[in-house]
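> To be precise about what I am sending: the file is called coords-v3.tsv and holds TSV, C-alpha atoms.
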```
chain	number	residue	atom	x	y	z
A	1	MET	CA	16.96	1.53	13.28
A	2	ALA	CA	18.19	-1.93	14.32
A	3	SER	CA	16.35	-1.73	17.65
A	4	LYS	CA	13.01	-1.59	15.77
A	5	PHE	CA	13.72	-5.18	14.73
A	6	GLY	CA	14.87	-6.37	18.15
A	7	LEU	CA	18.56	-6.17	17.21
A	8	PRO	CA	21.32	-4.43	19.20
A	9	GLU	CA	21.57	-0.72	18.27
A	10	GLU	CA	25.15	-1.14	17.06
A	11	GLU	CA	23.98	-3.71	14.50
A	12	GLU	CA	24.19	-2.30	10.98
A	13	PHE	CA	22.21	-3.18	7.89
A	14	THR	CA	23.83	-3.84	4.55
A	15	VAL	CA	22.45	-1.98	1.55
A	16	LEU	CA	22.06	-4.57	-1.20
A	17	ALA	CA	21.03	-2.19	-3.97
A	18	THR	CA	20.10	1.42	-4.61
A	19	MET	CA	17.86	2.37	-7.51
A	20	ALA	CA	16.22	5.46	-8.88
A	21	GLY	CA	12.44	5.30	-9.15
A	22	ALA	CA	12.66	5.23	-12.95
A	23	GLU	CA	14.60	1.97	-12.71
A	24	VAL	CA	11.71	0.11	-11.06
A	25	VAL	CA	9.02	1.44	-13.40
A	26	GLY	CA	7.99	-1.43	-15.65
A	27	THR	CA	8.76	-4.12	-13.09
A	28	SER	CA	6.03	-5.93	-11.17
A	29	TYR	CA	5.34	-7.26	-7.71
A	30	ASN	CA	3.19	-10.02	-6.24
A	31	HIS	CA	0.34	-9.28	-3.85
A	32	PRO	CA	1.28	-10.66	-0.43
A	33	LEU	CA	-2.15	-12.24	0.24
A	34	TYR	CA	-3.71	-13.03	-3.14
A	35	PRO	CA	-2.50	-14.56	-6.41
A	36	ARG	CA	-2.25	-11.23	-8.21
A	37	THR	CA	0.68	-9.47	-9.88
A	38	SER	CA	0.68	-5.69	-10.31
A	39	PRO	CA	2.90	-3.38	-12.35
A	40	VAL	CA	5.07	-0.60	-10.96
A	41	LEU	CA	3.98	2.58	-12.78
A	42	ALA	CA	5.05	6.17	-13.10
A	43	GLY	CA	2.08	8.01	-11.65
A	44	GLY	CA	0.61	11.35	-12.55
A	45	ASP	CA	1.74	14.84	-11.68
A	46	TYR	CA	-0.39	14.68	-8.52
A	47	ILE	CA	2.40	12.59	-6.94
A	48	THR	CA	5.21	14.73	-5.59
A	49	THR	CA	8.38	14.25	-3.58
A	50	GLU	CA	7.61	17.40	-1.59
A	51	SER	CA	5.03	15.52	0.50
A	52	GLY	CA	5.81	11.95	1.52
A	53	THR	CA	8.12	9.60	-0.35
A	54	GLY	CA	6.88	9.96	-3.91
A	55	LEU	CA	6.12	6.22	-3.82
A	56	VAL	CA	2.38	5.67	-3.54
A	57	HIS	CA	-0.24	3.08	-4.30
A	58	THR	CA	-2.75	3.69	-7.08
A	59	ALA	CA	-6.34	2.75	-6.39
A	60	PRO	CA	-8.36	3.20	-9.61
A	61	GLY	CA	-11.61	2.52	-7.75
A	62	HIS	CA	-11.01	5.48	-5.39
A	63	GLY	CA	-10.50	8.98	-6.71
A	64	GLN	CA	-10.41	10.71	-10.07
A	65	GLU	CA	-6.60	10.90	-10.48
A	66	ASP	CA	-6.10	7.23	-9.62
A	67	TYR	CA	-8.98	6.27	-11.92
A	68	LEU	CA	-7.38	8.11	-14.85
A	69	THR	CA	-3.97	6.56	-14.09
A	70	GLY	CA	-5.65	3.15	-14.02
A	71	LEU	CA	-7.32	3.76	-17.39
A	72	LYS	CA	-4.06	4.95	-18.93
A	73	HIS	CA	-2.26	1.78	-17.83
A	74	GLY	CA	-5.10	-0.72	-18.24
A	75	LEU	CA	-5.42	-1.51	-14.52
A	76	GLU	CA	-8.31	-3.55	-13.21
A	77	LEU	CA	-10.91	-1.36	-11.54
A	78	LEU	CA	-11.18	-2.62	-7.95
A	79	SER	CA	-13.21	-0.99	-5.22
A	80	PRO	CA	-12.31	-2.81	-2.00
A	81	VAL	CA	-13.75	-0.12	0.29
A	82	ASP	CA	-17.38	1.03	0.31
A	83	ASP	CA	-18.82	4.48	1.07
A	84	ALA	CA	-19.16	3.55	4.76
A	85	GLY	CA	-15.43	2.83	5.06
A	86	LYS	CA	-15.84	-0.93	5.21
A	87	PHE	CA	-14.00	-3.55	3.18
A	88	THR	CA	-16.01	-5.07	0.33
A	89	LYS	CA	-15.73	-8.63	-0.99
A	90	GLU	CA	-13.07	-7.33	-3.42
A	91	ALA	CA	-10.75	-6.86	-0.43
A	92	GLY	CA	-11.09	-10.56	0.31
A	93	GLU	CA	-13.84	-12.50	1.98
A	94	MET	CA	-11.94	-12.64	5.28
A	95	PHE	CA	-12.00	-8.80	5.47
A	96	GLU	CA	-15.45	-8.16	4.01
A	97	GLY	CA	-17.61	-5.88	6.20
A	98	MET	CA	-14.76	-4.86	8.51
A	99	SER	CA	-14.04	-1.18	9.18
A	100	VAL	CA	-10.91	-0.10	7.30
A	101	LEU	CA	-9.83	2.16	10.16
A	102	GLY	CA	-10.71	-0.35	12.88
A	103	ASP	CA	-10.93	-4.13	13.00
A	104	GLY	CA	-10.16	-4.38	9.29
A	105	ASN	CA	-6.76	-2.75	9.64
A	106	ALA	CA	-5.87	-5.07	12.52
A	107	ALA	CA	-7.03	-8.10	10.50
A	108	VAL	CA	-4.88	-7.10	7.50
A	109	VAL	CA	-1.81	-6.67	9.71
A	110	GLU	CA	-2.47	-10.08	11.28
A	111	ALA	CA	-2.86	-11.73	7.86
A	112	LEU	CA	0.41	-10.18	6.66
A	113	GLU	CA	2.19	-11.36	9.79
A	114	GLU	CA	0.83	-14.90	9.34
A	115	THR	CA	2.18	-15.07	5.79
A	116	LYS	CA	5.52	-13.55	6.92
A	117	ALA	CA	4.96	-10.69	4.45
A	118	LEU	CA	5.22	-7.90	7.04
A	119	LEU	CA	8.62	-6.70	8.17
A	120	LEU	CA	7.39	-4.17	10.74
A	121	ALA	CA	4.13	-2.62	11.90
A	122	GLU	CA	4.19	0.68	13.74
A	123	ASP	CA	1.93	3.69	14.18
A	124	TYR	CA	2.50	6.42	11.65
A	125	GLY	CA	0.96	9.88	11.38
A	126	HIS	CA	-0.72	9.80	7.96
A	127	LYS	CA	-3.10	12.23	6.30
A	128	TYR	CA	-5.54	9.41	5.48
A	129	PRO	CA	-8.50	9.67	5.25
A	130	TYR	CA	-8.14	13.42	4.91
A	131	ASP	CA	-6.06	13.65	1.76
A	132	TRP	CA	-5.82	16.83	-0.32
A	133	ARG	CA	-6.82	14.79	-3.36
```
Will you turn the file into structure tokens for me?


Amino acid sequence: MASKFGLPEEEEFTVLATMAGAEVVGTSYNHPLYPRTSPVLAGGDYITTESGTGLVHTAPGHGQEDYLTGLKHGLELLSPVDDAGKFTKEAGEMFEGMSVLGDGNAAVVEALEETKALLLAEDYGHKYPYDWR
């Protein structure tokens, strides 16, 4: 793991805290690019630990389950991606019109790096945009 961060392989990380998911529900986090705070929620039964981590984002503007979770918790209805797979103005003016799976993704990674909000970027085999939901 250490080598991913340019450290010698024998370097070890120190675990500062371990928490169950239920312990973080009710806390909040700050958006890394915009002045927005969001709550950590317990999602619906469509989130499982059998596939993935069990820790997911909720996008009330995309998909029925996320929409209902958003309504239940009073989340703002944002739709930062249009039907053509391009970022809308709600994603931020600097990303507007960019392809989510192309230049938009690269621009988001670059913006996160510039603000020192990204620890590591690496390719990952993800089901997106072909999700069972």

> Kindly give the distance, in Å, that separates atom CA of Leu33 of chain A and atom CA of Glu122 of chain A, rounded to a single decimal.

19.7 Å

> Please provide the set of residues having any atom within 12 Å of segment 100-117 of chain A, restricted to all atoms listed in the file, with same-chain residues fewer than 5 positions apart removed, written as a list in words.

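What passes the distance filter is Asn30, His31, Pro32, Leu33, Tyr34, Pro80, Val81, Asp82, Asp83, Ala84, Gly85, Lys86, Phe87, Thr88, Ala91, Gly92, Glu93, Met94, Phe95, Glu122, Asp123, Tyr128 and Pro129 of chain A.
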
> Please, what distance in Å, to one decimal, runs between atom CA of Asp66 of chain A and atom CA of Gly43 of chain A?

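Separating atom CA of Asp66 of chain A from atom CA of Gly43 of chain A is a distance of 8.5 Å.
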
> Tell me, in Å to one decimal, how far atom CA of Leu41 of chain A is from atom CA of Val25 of chain A.

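We find that atom CA of Leu41 of chain A and atom CA of Val25 of chain A lie 5.2 Å from each other.
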
> Skip Glu90 of chain A itself and residues of its chain fewer than 6 positions away, then list as a PDB file with C-alpha atoms, keeping the file's coordinate frame all residues within 8 Å of it, counting all atoms listed in the file.


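Result file result_2.pdb:
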```pdb
ATOM      1  CA  LEU A  78     -11.180  -2.620  -7.950  1.00  0.00           C
ATOM      2  CA  SER A  79     -13.210  -0.990  -5.220  1.00  0.00           C
ATOM      3  CA  PRO A  80     -12.310  -2.810  -2.000  1.00  0.00           C
ATOM      4  CA  GLU A  96     -15.450  -8.160   4.010  1.00  0.00           C
TER       5      GLU A  96
END
```
